[in-house]
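Coordinates as given in start_10.txt (compact mmCIF, C-alpha atoms):
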```
# COMPACT_ATOMS: atom_id res chain seq x y z
CA MET A 1 -1.34 -5.80 3.59
CA VAL A 2 2.46 -5.73 3.85
CA LYS A 3 4.23 -9.00 2.99
CA LEU A 4 7.76 -9.06 4.41
CA THR A 5 9.08 -11.77 2.06
CA PRO A 6 8.20 -12.46 -1.59
CA PRO A 7 4.72 -14.01 -1.93
CA MET A 8 4.53 -17.64 -3.06
CA GLY A 9 1.62 -19.58 -4.53
CA TRP A 10 -0.14 -20.67 -7.73
CA ASN A 11 -1.96 -18.70 -10.44
CA SER A 12 -4.36 -20.09 -13.04
CA TRP A 13 -3.41 -17.96 -16.05
CA ASN A 14 -0.31 -19.59 -17.52
CA THR A 15 -1.95 -22.97 -18.00
CA PHE A 16 -5.70 -22.41 -18.00
CA GLY A 17 -6.36 -18.87 -19.29
CA GLU A 18 -10.12 -18.39 -19.52
CA ASN A 19 -10.83 -22.08 -18.83
CA ILE A 20 -11.30 -21.80 -15.08
CA ASN A 21 -14.13 -23.10 -12.93
CA GLU A 22 -15.00 -24.19 -9.43
CA LYS A 23 -14.06 -27.84 -9.99
CA LEU A 24 -10.60 -26.89 -11.24
CA ILE A 25 -9.95 -24.64 -8.26
CA PHE A 26 -11.08 -27.27 -5.75
CA GLU A 27 -8.92 -29.92 -7.43
CA THR A 28 -5.95 -27.53 -7.52
CA ALA A 29 -6.31 -26.77 -3.81
CA ASP A 30 -6.38 -30.50 -3.09
CA ALA A 31 -3.33 -31.11 -5.30
CA MET A 32 -1.33 -28.29 -3.70
CA VAL A 33 -1.87 -29.79 -0.28
CA GLU A 34 -1.16 -33.35 -1.46
CA ALA A 35 2.14 -32.21 -3.01
CA GLY A 36 3.15 -30.43 0.20
CA LEU A 37 3.33 -27.02 -1.49
CA PRO A 38 1.92 -25.02 1.46
CA ARG A 39 4.61 -26.52 3.72
CA MET A 40 7.23 -25.22 1.27
CA GLY A 41 5.71 -21.71 1.39
CA TYR A 42 3.33 -21.75 -1.58
CA GLU A 43 0.33 -20.40 0.29
CA TYR A 44 -1.75 -18.44 -2.27
CA LEU A 45 -4.15 -19.98 -4.79
CA VAL A 46 -5.03 -17.21 -7.26
CA ILE A 47 -7.76 -17.14 -9.92
CA ASP A 48 -6.81 -14.90 -12.84
CA ASP A 49 -8.97 -13.21 -15.52
CA CYS A 50 -12.31 -14.49 -16.95
CA TRP A 51 -14.10 -15.41 -13.72
CA SER A 52 -17.01 -12.92 -13.90
CA LEU A 53 -20.00 -12.13 -16.06
CA ARG A 54 -19.55 -9.52 -18.79
CA GLU A 55 -21.67 -6.96 -16.94
CA ARG A 56 -22.09 -5.82 -13.36
CA ASP A 57 -25.40 -6.28 -11.51
CA GLU A 58 -27.95 -3.57 -10.76
CA ASN A 59 -25.95 -2.54 -7.68
CA GLU A 60 -22.76 -2.12 -9.76
CA ARG A 61 -21.17 -5.16 -8.19
CA LEU A 62 -19.10 -7.79 -10.00
CA VAL A 63 -20.88 -11.11 -10.50
CA PRO A 64 -19.11 -14.48 -10.71
CA ASP A 65 -20.05 -16.45 -13.82
CA PRO A 66 -22.68 -18.91 -12.51
CA GLU A 67 -21.70 -21.56 -15.06
CA LYS A 68 -18.07 -21.50 -13.93
CA PHE A 69 -18.70 -20.82 -10.23
CA PRO A 70 -22.24 -22.00 -9.42
CA ASN A 71 -21.79 -21.64 -5.66
CA GLY A 72 -20.22 -18.18 -5.81
CA MET A 73 -16.81 -16.96 -4.77
CA LYS A 74 -17.41 -17.11 -1.01
CA ALA A 75 -17.83 -20.88 -1.32
CA VAL A 76 -14.62 -21.11 -3.35
CA ALA A 77 -12.72 -19.01 -0.80
CA ASP A 78 -14.09 -21.12 2.04
CA TYR A 79 -12.90 -24.33 0.38
CA VAL A 80 -9.45 -22.91 -0.30
CA HIS A 81 -9.20 -21.69 3.29
CA SER A 82 -10.30 -25.11 4.58
CA LYS A 83 -7.16 -26.53 2.97
CA GLY A 84 -4.92 -24.10 4.84
CA LEU A 85 -4.37 -21.94 1.75
CA LYS A 86 -5.10 -18.29 1.00
CA PHE A 87 -7.42 -17.26 -1.83
CA GLY A 88 -6.58 -14.75 -4.55
CA MET A 89 -8.55 -13.10 -7.36
CA TYR A 90 -8.02 -10.78 -10.29
CA SER A 91 -9.22 -7.40 -11.48
CA CYS A 92 -7.92 -4.54 -13.59
CA ALA A 93 -7.29 -0.79 -13.37
CA GLY A 94 -9.21 -0.21 -16.61
CA ASN A 95 -12.81 -0.19 -17.69
CA LEU A 96 -12.24 -3.76 -18.87
CA THR A 97 -9.88 -6.55 -17.92
CA CYS A 98 -7.38 -7.79 -20.49
CA ALA A 99 -9.88 -10.45 -21.62
CA GLY A 100 -12.74 -7.96 -21.86
CA TYR A 101 -14.56 -8.48 -18.55
CA PRO A 102 -15.56 -5.58 -16.25
CA GLY A 103 -12.55 -3.84 -14.72
CA SER A 104 -12.47 -1.90 -11.45
CA PHE A 105 -11.95 1.63 -12.81
CA GLU A 106 -14.27 3.98 -10.89
CA HIS A 107 -15.46 0.96 -8.86
CA GLU A 108 -12.38 0.49 -6.70
CA PHE A 109 -13.98 0.83 -3.28
CA ILE A 110 -17.09 -1.22 -4.00
CA ASP A 111 -14.95 -3.96 -5.56
CA ALA A 112 -12.54 -4.01 -2.63
CA GLU A 113 -15.52 -4.32 -0.30
CA THR A 114 -16.91 -7.16 -2.41
CA PHE A 115 -13.60 -9.02 -2.41
CA ALA A 116 -13.39 -8.64 1.37
CA GLN A 117 -16.89 -10.05 1.80
CA TRP A 118 -15.97 -13.06 -0.31
CA GLY A 119 -12.89 -13.79 1.81
CA VAL A 120 -10.23 -12.80 -0.72
CA ASP A 121 -6.62 -12.61 0.53
CA PHE A 122 -4.79 -11.51 -2.64
CA LEU A 123 -5.68 -9.26 -5.58
CA LYS A 124 -3.79 -9.28 -8.87
CA TYR A 125 -4.53 -5.91 -10.48
CA ASP A 126 -3.85 -5.65 -14.21
CA TYR A 127 -3.40 -2.60 -16.49
CA CYS A 128 -5.48 -3.13 -19.65
CA TYR A 129 -8.06 -0.62 -20.98
CA HIS A 130 -7.01 2.00 -18.44
CA SER A 131 -7.75 5.68 -18.86
CA PRO A 132 -5.20 7.36 -21.16
CA ILE A 133 -5.55 10.64 -19.28
CA ILE A 134 -5.02 9.30 -15.74
CA HIS A 135 -1.49 8.16 -14.94
CA GLY A 136 -1.06 4.66 -13.55
CA GLN A 137 0.33 5.87 -10.24
CA TYR A 138 -3.05 7.40 -9.40
CA LEU A 139 -4.98 4.29 -10.42
CA TYR A 140 -2.82 2.01 -8.27
CA ARG A 141 -2.87 4.38 -5.32
CA ARG A 142 -6.66 4.44 -5.56
CA MET A 143 -7.07 0.67 -5.44
CA GLY A 144 -4.39 0.45 -2.79
CA LEU A 145 -6.39 2.79 -0.57
CA ALA A 146 -9.56 0.84 -1.30
CA LEU A 147 -7.96 -2.43 -0.23
CA GLU A 148 -6.39 -0.90 2.86
CA ASN A 149 -9.84 0.32 3.94
CA CYS A 150 -11.97 -2.71 3.02
CA GLY A 151 -11.82 -4.34 6.46
CA ARG A 152 -9.72 -7.35 5.41
CA ASP A 153 -6.01 -7.96 4.85
CA ILE A 154 -5.70 -8.35 1.07
CA LEU A 155 -2.27 -8.52 -0.53
CA PHE A 156 -2.10 -6.06 -3.44
CA SER A 157 -0.30 -7.45 -6.50
CA ALA A 158 0.20 -4.60 -8.99
CA CYS A 159 0.45 -5.88 -12.56
CA SER A 160 1.27 -2.79 -14.63
CA TRP A 161 4.00 -4.61 -16.65
CA GLY A 162 6.60 -1.97 -15.75
CA ALA A 163 4.71 0.56 -17.90
CA ASP A 164 4.74 4.29 -17.18
CA GLN A 165 7.98 3.88 -15.20
CA THR A 166 6.26 1.74 -12.58
CA HIS A 167 9.48 1.34 -10.58
CA GLU A 168 9.61 5.07 -9.87
CA TRP A 169 6.23 5.31 -8.13
CA ILE A 170 4.92 1.87 -7.18
CA LYS A 171 6.17 2.13 -3.59
CA THR A 172 3.83 5.11 -3.14
CA SER A 173 0.90 2.71 -3.46
CA ALA A 174 -0.01 -0.12 -1.10
CA ALA A 175 1.35 -2.80 -3.47
CA SER A 176 3.28 -5.69 -1.93
CA MET A 177 4.55 -6.81 -5.35
CA TRP A 178 4.72 -5.22 -8.79
CA ARG A 179 5.15 -6.65 -12.27
CA SER A 180 8.25 -5.23 -13.88
CA THR A 181 7.82 -6.79 -17.33
CA GLY A 182 5.34 -7.94 -19.92
CA ASP A 183 3.96 -11.48 -19.82
CA ILE A 184 6.16 -14.54 -19.63
CA PHE A 185 5.78 -17.36 -22.17
CA ASP A 186 6.91 -20.96 -21.96
CA THR A 187 10.04 -20.50 -24.05
CA TRP A 188 13.70 -20.06 -23.22
CA GLU A 189 13.76 -16.84 -25.26
CA SER A 190 11.07 -15.37 -23.00
CA VAL A 191 12.95 -16.29 -19.82
CA LYS A 192 16.19 -14.83 -21.15
CA ASP A 193 14.49 -11.61 -22.26
CA LEU A 194 12.84 -11.05 -18.87
CA VAL A 195 16.14 -11.61 -17.08
CA LYS A 196 17.93 -9.07 -19.27
CA GLN A 197 15.25 -6.50 -18.47
CA GLN A 198 16.04 -6.74 -14.75
CA GLU A 199 19.50 -5.18 -14.73
CA LYS A 200 18.25 -1.62 -14.39
CA LEU A 201 15.58 -2.66 -11.90
CA HIS A 202 17.61 -4.38 -9.17
CA PRO A 203 17.61 -1.27 -6.93
CA TYR A 204 13.81 -1.16 -6.91
CA ASN A 205 13.17 -4.53 -5.28
CA GLY A 206 12.78 -4.64 -1.52
CA VAL A 207 10.88 -5.47 1.62
CA GLY A 208 7.14 -5.02 1.26
CA CYS A 209 7.16 -4.17 -2.47
CA PHE A 210 8.76 -6.99 -4.44
CA ASN A 211 9.78 -6.89 -8.09
CA ASP A 212 7.61 -9.54 -9.78
CA MET A 213 9.32 -11.02 -12.84
CA ASP A 214 6.01 -12.79 -13.68
CA MET A 215 4.75 -16.25 -12.92
CA LEU A 216 6.80 -19.42 -13.17
CA ILE A 217 6.63 -21.65 -16.25
CA VAL A 218 8.35 -24.60 -14.56
CA GLY A 219 6.64 -27.85 -15.53
CA MET A 220 4.50 -26.52 -18.37
CA TYR A 221 6.40 -28.35 -21.17
CA GLY A 222 4.70 -26.34 -23.90
CA ASN A 223 1.16 -26.98 -22.68
CA GLY A 224 -1.52 -24.50 -21.71
CA ASN A 225 -2.37 -20.88 -22.29
CA VAL A 226 1.21 -19.56 -22.65
CA GLY A 227 2.72 -22.92 -23.58
CA LEU A 228 4.25 -22.21 -27.00
CA LYS A 229 7.53 -24.16 -27.44
CA GLY A 230 8.15 -25.25 -23.88
CA CYS A 231 11.49 -25.64 -22.12
CA SER A 232 13.71 -28.48 -20.92
CA ASP A 233 14.04 -29.40 -17.24
CA VAL A 234 17.52 -27.85 -17.24
CA GLN A 235 16.06 -24.58 -18.52
CA TYR A 236 13.26 -24.72 -15.94
CA LYS A 237 15.87 -25.31 -13.23
CA THR A 238 17.78 -22.20 -14.32
CA HIS A 239 14.58 -20.15 -14.64
CA PHE A 240 13.51 -21.07 -11.09
CA SER A 241 17.00 -20.42 -9.74
CA ILE A 242 17.18 -16.89 -11.15
CA TRP A 243 13.69 -15.97 -9.95
CA SER A 244 14.56 -17.29 -6.48
CA LEU A 245 17.93 -15.56 -6.16
CA LEU A 246 16.68 -12.20 -7.42
CA GLY A 247 13.84 -12.23 -4.88
CA SER A 248 10.90 -12.42 -7.28
CA PRO A 249 7.57 -13.74 -5.97
CA LEU A 250 7.30 -17.46 -6.80
CA MET A 251 3.90 -18.10 -8.35
CA ILE A 252 3.57 -21.55 -9.93
CA GLY A 253 1.94 -21.57 -13.37
CA CYS A 254 1.77 -25.25 -14.32
CA ASP A 255 -1.06 -27.70 -13.66
CA VAL A 256 -0.16 -28.88 -10.16
CA ARG A 257 -2.52 -31.84 -10.53
CA SER A 258 -0.12 -33.53 -12.96
CA MET A 259 3.38 -32.37 -12.00
CA THR A 260 6.30 -34.60 -12.94
CA GLU A 261 8.77 -35.66 -10.29
CA GLU A 262 11.37 -33.34 -11.82
CA THR A 263 8.92 -30.41 -11.63
CA LYS A 264 8.29 -31.18 -7.96
CA LYS A 265 12.03 -31.36 -7.35
CA ILE A 266 12.65 -27.96 -8.97
CA LEU A 267 9.76 -26.16 -7.28
CA GLY A 268 10.62 -27.78 -3.95
CA ASN A 269 14.31 -26.92 -3.71
CA GLU A 270 14.42 -25.94 -0.05
CA GLU A 271 17.72 -24.04 -0.20
CA LEU A 272 16.56 -21.87 -3.11
CA ILE A 273 13.25 -21.14 -1.38
CA ARG A 274 15.22 -20.26 1.75
CA ILE A 275 17.30 -17.80 -0.27
CA ASN A 276 14.19 -16.34 -1.92
CA GLN A 277 12.51 -15.94 1.47
CA ASP A 278 15.56 -14.56 3.29
CA SER A 279 14.24 -12.14 5.88
CA ALA A 280 16.72 -9.36 5.05
CA CYS A 281 15.41 -9.16 1.45
CA ARG A 282 18.60 -7.43 0.37
CA GLN A 283 19.19 -6.27 -3.18
CA ALA A 284 20.83 -8.75 -5.54
CA TYR A 285 23.60 -7.38 -7.73
CA LYS A 286 25.22 -8.48 -10.96
CA LEU A 287 28.93 -9.27 -10.97
CA GLN A 288 31.10 -8.17 -13.87
CA GLY A 289 32.90 -11.51 -13.90
CA ILE A 290 35.98 -12.38 -15.95
CA TRP A 291 35.50 -12.83 -19.70
CA ALA A 292 31.82 -13.34 -18.91
CA GLY A 293 30.25 -12.47 -22.25
CA ASP A 294 26.68 -11.38 -22.88
CA ASP A 295 25.08 -14.73 -22.05
CA MET A 296 26.76 -15.41 -18.71
CA PHE A 297 24.93 -13.86 -15.77
CA ILE A 298 26.55 -13.89 -12.34
CA TYR A 299 24.59 -12.55 -9.37
CA ALA A 300 25.26 -12.24 -5.65
CA ARG A 301 23.08 -11.32 -2.72
CA GLN A 302 23.97 -10.85 0.93
CA LEU A 303 21.77 -12.87 3.29
CA GLU A 304 20.59 -12.05 6.78
CA ASN A 305 23.12 -14.25 8.67
CA GLY A 306 26.23 -13.01 6.86
CA ASP A 307 26.11 -15.68 4.16
CA LEU A 308 26.09 -14.89 0.46
CA ALA A 309 23.90 -16.36 -2.25
CA ILE A 310 25.83 -16.57 -5.52
CA GLY A 311 24.34 -17.70 -8.81
CA LEU A 312 26.12 -18.56 -12.06
CA PHE A 313 23.79 -18.74 -15.07
CA ASN A 314 24.79 -19.86 -18.55
CA MET A 315 22.02 -18.52 -20.77
CA SER A 316 23.66 -19.73 -23.99
CA GLU A 317 23.28 -22.96 -25.95
CA GLU A 318 27.01 -23.71 -25.63
CA LYS A 319 29.11 -24.94 -22.72
CA ALA A 320 30.72 -21.94 -20.99
CA VAL A 321 32.92 -21.03 -18.04
CA ALA A 322 31.77 -18.66 -15.29
CA ARG A 323 34.62 -16.82 -13.58
CA PHE A 324 34.72 -14.01 -11.03
CA ASN A 325 37.07 -12.49 -8.48
CA LEU A 326 36.06 -12.38 -4.81
CA ASP A 327 36.90 -8.66 -4.79
CA GLU A 328 33.48 -8.18 -6.38
CA VAL A 329 31.75 -9.49 -3.25
CA GLY A 330 34.13 -7.71 -0.86
CA LEU A 331 36.66 -10.46 -0.11
CA GLY A 332 40.06 -9.58 -1.54
CA PHE A 333 43.27 -11.32 -0.38
CA SER A 334 43.91 -8.54 2.13
CA THR A 335 40.87 -9.54 4.20
CA GLY A 336 42.35 -12.92 5.10
CA LYS A 337 38.99 -14.44 4.29
CA THR A 338 37.51 -16.58 1.56
CA LEU A 339 34.26 -18.40 0.83
CA GLU A 340 33.14 -21.92 1.60
CA MET A 341 30.41 -22.56 -0.94
CA LYS A 342 27.71 -25.24 -1.05
CA GLU A 343 25.84 -25.76 -4.34
CA VAL A 344 22.10 -26.00 -3.76
CA TRP A 345 21.32 -28.52 -6.54
CA SER A 346 24.18 -31.01 -6.26
CA GLY A 347 25.21 -30.51 -2.63
CA GLU A 348 28.85 -30.10 -3.70
CA SER A 349 31.01 -28.03 -1.33
CA ILE A 350 34.08 -26.06 -2.37
CA LYS A 351 36.49 -23.66 -0.65
CA VAL A 352 37.56 -20.84 -2.95
CA LYS A 353 41.32 -20.65 -3.63
CA ASN A 354 43.27 -17.67 -4.98
CA ALA A 355 40.23 -15.39 -4.52
CA THR A 356 38.82 -16.62 -7.83
CA VAL A 357 35.83 -18.79 -8.70
CA SER A 358 35.85 -20.68 -12.01
CA ARG A 359 33.08 -23.14 -12.91
CA VAL A 360 32.20 -24.93 -16.15
CA LEU A 361 28.48 -24.83 -16.96
CA ALA A 362 26.59 -26.94 -19.47
CA PRO A 363 24.31 -25.18 -21.99
CA PHE A 364 21.38 -23.38 -20.29
CA ASP A 365 22.54 -24.65 -16.91
CA CYS A 366 23.34 -22.95 -13.63
CA GLU A 367 24.95 -23.36 -10.25
CA VAL A 368 23.69 -21.55 -7.16
CA PHE A 369 25.71 -21.46 -3.97
CA ARG A 370 25.06 -20.57 -0.39
CA ALA A 371 28.48 -19.29 0.71
CA LYS A 372 29.94 -18.71 4.16
CA VAL A 373 32.81 -16.35 4.95
CA VAL A 374 35.69 -18.36 6.42
CA ASP A 375 39.39 -17.89 7.13
CA LEU A 376 41.88 -18.53 4.35
```
Exercise: express the given structure as structure tokens:
Amino acid sequence: MVKLTPPMGWNSWNTFGENINEKLIFETADAMVEAGLPRMGYEYLVIDDCWSLRERDENERLVPDPEKFPNGMKAVADYVHSKGLKFGMYSCAGNLTCAGYPGSFEHEFIDAETFAQWGVDFLKYDYCYHSPIIHGQYLYRRMGLALENCGRDILFSACSWGADQTHEWIKTSAASMWRSTGDIFDTWESVKDLVKQQEKLHPYNGVGCFNDMDMLIVGMYGNGNVGLKGCSDVQYKTHFSIWSLLGSPLMIGCDVRSMTEETKKILGNEELIRINQDSACRQAYKLQGIWAGDDMFIYARQLENGDLAIGLFNMSEEKAVARFNLDEVGLGFSTGKTLEMKEVWSGESIKVKNATVSRVLAPFDCEVFRAKVVDL
């Protein structure tokens, strides 16, 4: 299945890890609908690792754990679909999944057929316990072919962590999204590290095969499977803003049954989602800026109607100034043009003077603008 904009949804791993079951999934589906998440674009509900028994059945098929999923996966998929959502599951390119359950190595076609029979719409495909003598590109091409020939549209989410130079070959598979990094954790240090890893990868994002910077930690507050220290709402706001502007899939990782109002506000920022889902899916690029320093990240991205998305991100624990010249986005004085910019969090509008933008940012904070080209 080819997805023309970055996929959006929810995944169980960040908060629940191995503690998943039918009741949780039904309650999560209900909560997603109640919070209006599908209307915003969050359409996939994805179960991660630890859903199966430790061994396949006599026909070599995967078996849902009957204690966790007593009515089987078809019943779970049917319930999720009844709520207007799409249902996702997890497997792995190795003999075992990362948590030690049966992987899909040498079972790709039978597993794809099984997922199709259950009504699966999305497959996250991990990279643990894989064969050391078979390169990842062949393993992902194999499962991609299996999914493309299973008789159902199943979005293929390749989760090879950027290993084995994933960016160089992933578009030769049927993947609609690909993990470019290791796992995210609910700390500011983790967010900052993942962002820094993206600079060399910007050219490899694009329509139909989106660079996945890993799931969102917005609203976790240090709880759950990857909770660790947690982040502040300001840090979550910046995290969500970067993921949105760079065109990463937006997969919620918190417990949507108990979201705070601030979490709902961050995840529901319509202008950021609009930027993330822009139909042109053009490459974001980093601006050099003026006296930017190592912890000031400035990105721009041209949108499908001639607008620009521009993000200023202060990744440091000190107040800082973000500055850049409009020459970097193609609007020098000689063009007779400038930018009229509207900030997506505050609603503030500014018209750029002297071809230079200069904004003061609080620690860990950001500003993201949707900018129109206008006459000087």
Inset, instruction - Return the single residue from A:Pro363, A:Gly306, A:Pro6, A:Pro66 that is closest to Val321 of chain A, with distances computed using all atoms listed in the file. - result: A:Pro363
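Across the model, the gap from atom CA of Asn14 of chain A to atom CA of Asn314 of chain A is 25.1 Å.
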Inset, instruction - Take atom CA of Cys50 of chain A and atom CA of Ile20 of chain A and report the distance between them in Å, one decimal. - result: 7.6 Å
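Nearest to Ile47 of chain A of all the residues A:Met251, A:Ala300, A:Met220, A:Ile133 is A:Met251, counting all atoms listed in the file.
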Legend entry - segment 158-173 of chain A environment, 9 Å, all atoms listed in the file, sequence neighbours closer than 2 positions dropped, as a PyMOL selection string: chain A and resi 92-93+123-128+135-138+140-145+156+175-183+201+204-205+208-209+211-212+214
Contacts of Ile110 of chain A within 10 Å, all atoms listed in the file, excl. fewer than 4 positions in-chain, as a PDB file with C-alpha atoms, in the coordinates of the input:
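Here's the written file out_15.pdb:
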```pdb
ATOM      1  CA  ASN A  59     -25.950  -2.540  -7.680  1.00  0.00           C
ATOM      2  CA  GLU A  60     -22.760  -2.120  -9.760  1.00  0.00           C
ATOM      3  CA  ARG A  61     -21.170  -5.160  -8.190  1.00  0.00           C
ATOM      4  CA  LEU A  62     -19.100  -7.790 -10.000  1.00  0.00           C
ATOM      5  CA  SER A 104     -12.470  -1.900 -11.450  1.00  0.00           C
ATOM      6  CA  GLU A 106     -14.270   3.980 -10.890  1.00  0.00           C
ATOM      7  CA  THR A 114     -16.910  -7.160  -2.410  1.00  0.00           C
ATOM      8  CA  PHE A 115     -13.600  -9.020  -2.410  1.00  0.00           C
ATOM      9  CA  ALA A 116     -13.390  -8.640   1.370  1.00  0.00           C
ATOM     10  CA  ALA A 146      -9.560   0.840  -1.300  1.00  0.00           C
ATOM     11  CA  LEU A 147      -7.960  -2.430  -0.230  1.00  0.00           C
ATOM     12  CA  CYS A 150     -11.970  -2.710   3.020  1.00  0.00           C
TER      13      CYS A 150
END
```
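Across the model, the gap from atom CA of Ile290 of chain A to atom CA of Ile350 of chain A is 19.4 Å.
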Legend entry - For Glu318 of chain A: contacts at 12 Å, only C-alpha atoms, fewer than 3 positions along chain excluded, given as a VMD selection string: chain A and resid 295 to 296 314 to 315 321 360 to 365
Inset, instruction - Do a neighbour search on Gly247 of chain A at 9 Å with only C-alpha atoms, toss out local chain neighbours closer than 5 positions, and write the hits as a ChimeraX atom specification. - result: /A:5-6,205-206,210-212,242,275-278,281-284
Inset, instruction - Have a look at A:Ala292, A:Ile134, A:Val373, A:Met8 and name the one nearest to Leu250 of chain A; count all atoms listed in the file. - result: A:Met8
Legend entry - Selection near Ile25 of chain A, 12 Å with all atoms listed in the file, sequence-local residues under 6 positions removed, as a PyMOL selection string: chain A and resi 10-12+16+19+31-32+44-48+51+68-69+73+75-81+83+85+87-89+255-257
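Each of A:Phe185, A:Tyr42, A:Phe109, A:Trp118 was checked against Thr15 of chain A using all atoms listed in the file; the smallest atom-to-atom distance is that of A:Phe185.
Shortest separation to Asn269 of chain A among A:Ala320, A:Val344, A:Ile184, A:Ala29 occurs at residue A:Val344, atoms counted being all atoms listed in the file.
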Could you tell me, as a PDB file with C-alpha atoms, keeping the file's coordinate frame, which residues have any atom at most 6 Å from (-16.0, -8.1, -17.4), counting only C-alpha atoms?
```pdb
ATOM      1  CA  LEU A  53     -20.000 -12.130 -16.060  1.00  0.00           C
ATOM      2  CA  ARG A  54     -19.550  -9.520 -18.790  1.00  0.00           C
ATOM      3  CA  GLU A  55     -21.670  -6.960 -16.940  1.00  0.00           C
ATOM      4  CA  LEU A  96     -12.240  -3.760 -18.870  1.00  0.00           C
ATOM      5  CA  GLY A 100     -12.740  -7.960 -21.860  1.00  0.00           C
ATOM      6  CA  TYR A 101     -14.560  -8.480 -18.550  1.00  0.00           C
ATOM      7  CA  PRO A 102     -15.560  -5.580 -16.250  1.00  0.00           C
TER       8      PRO A 102
END
```
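Nearest-residue note for Asp294 of chain A: choosing from A:Thr187, A:Ser334, A:Ser316, A:Gln197, the minimum distance belongs to A:Ser316, counting all atoms listed in the file.
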Please, could N, CA and C atoms be added to segment 64-75 of chain A and the result written as a compact mmCIF listing (two decimals), in the frame of the given file?
```
# COMPACT_ATOMS: atom_id res chain seq x y z
N PRO A 64 -19.79 -13.29 -10.20
CA PRO A 64 -19.11 -14.48 -10.71
C PRO A 64 -19.97 -15.18 -11.76
N ASP A 65 -19.33 -15.70 -12.79
CA ASP A 65 -20.05 -16.45 -13.82
C ASP A 65 -20.68 -17.69 -13.19
N PRO A 66 -22.03 -17.79 -13.20
CA PRO A 66 -22.68 -18.91 -12.51
C PRO A 66 -22.42 -20.27 -13.16
N GLU A 67 -22.03 -20.29 -14.43
CA GLU A 67 -21.70 -21.56 -15.06
C GLU A 67 -20.33 -22.06 -14.59
N LYS A 68 -19.40 -21.12 -14.39
CA LYS A 68 -18.07 -21.50 -13.93
C LYS A 68 -18.02 -21.68 -12.41
N PHE A 69 -18.74 -20.81 -11.69
CA PHE A 69 -18.70 -20.82 -10.23
C PHE A 69 -20.13 -20.81 -9.68
N PRO A 70 -20.81 -21.95 -9.77
CA PRO A 70 -22.24 -22.00 -9.42
C PRO A 70 -22.54 -21.70 -7.97
N ASN A 71 -21.56 -21.89 -7.08
CA ASN A 71 -21.79 -21.64 -5.66
C ASN A 71 -21.23 -20.30 -5.19
N GLY A 72 -20.73 -19.50 -6.15
CA GLY A 72 -20.22 -18.18 -5.81
C GLY A 72 -18.80 -18.21 -5.26
N MET A 73 -18.20 -17.05 -5.17
CA MET A 73 -16.81 -16.96 -4.77
C MET A 73 -16.58 -17.16 -3.27
N LYS A 74 -17.57 -16.86 -2.45
CA LYS A 74 -17.41 -17.11 -1.01
C LYS A 74 -17.23 -18.60 -0.75
N ALA A 75 -17.97 -19.43 -1.48
CA ALA A 75 -17.83 -20.88 -1.32
C ALA A 75 -16.46 -21.35 -1.78
```
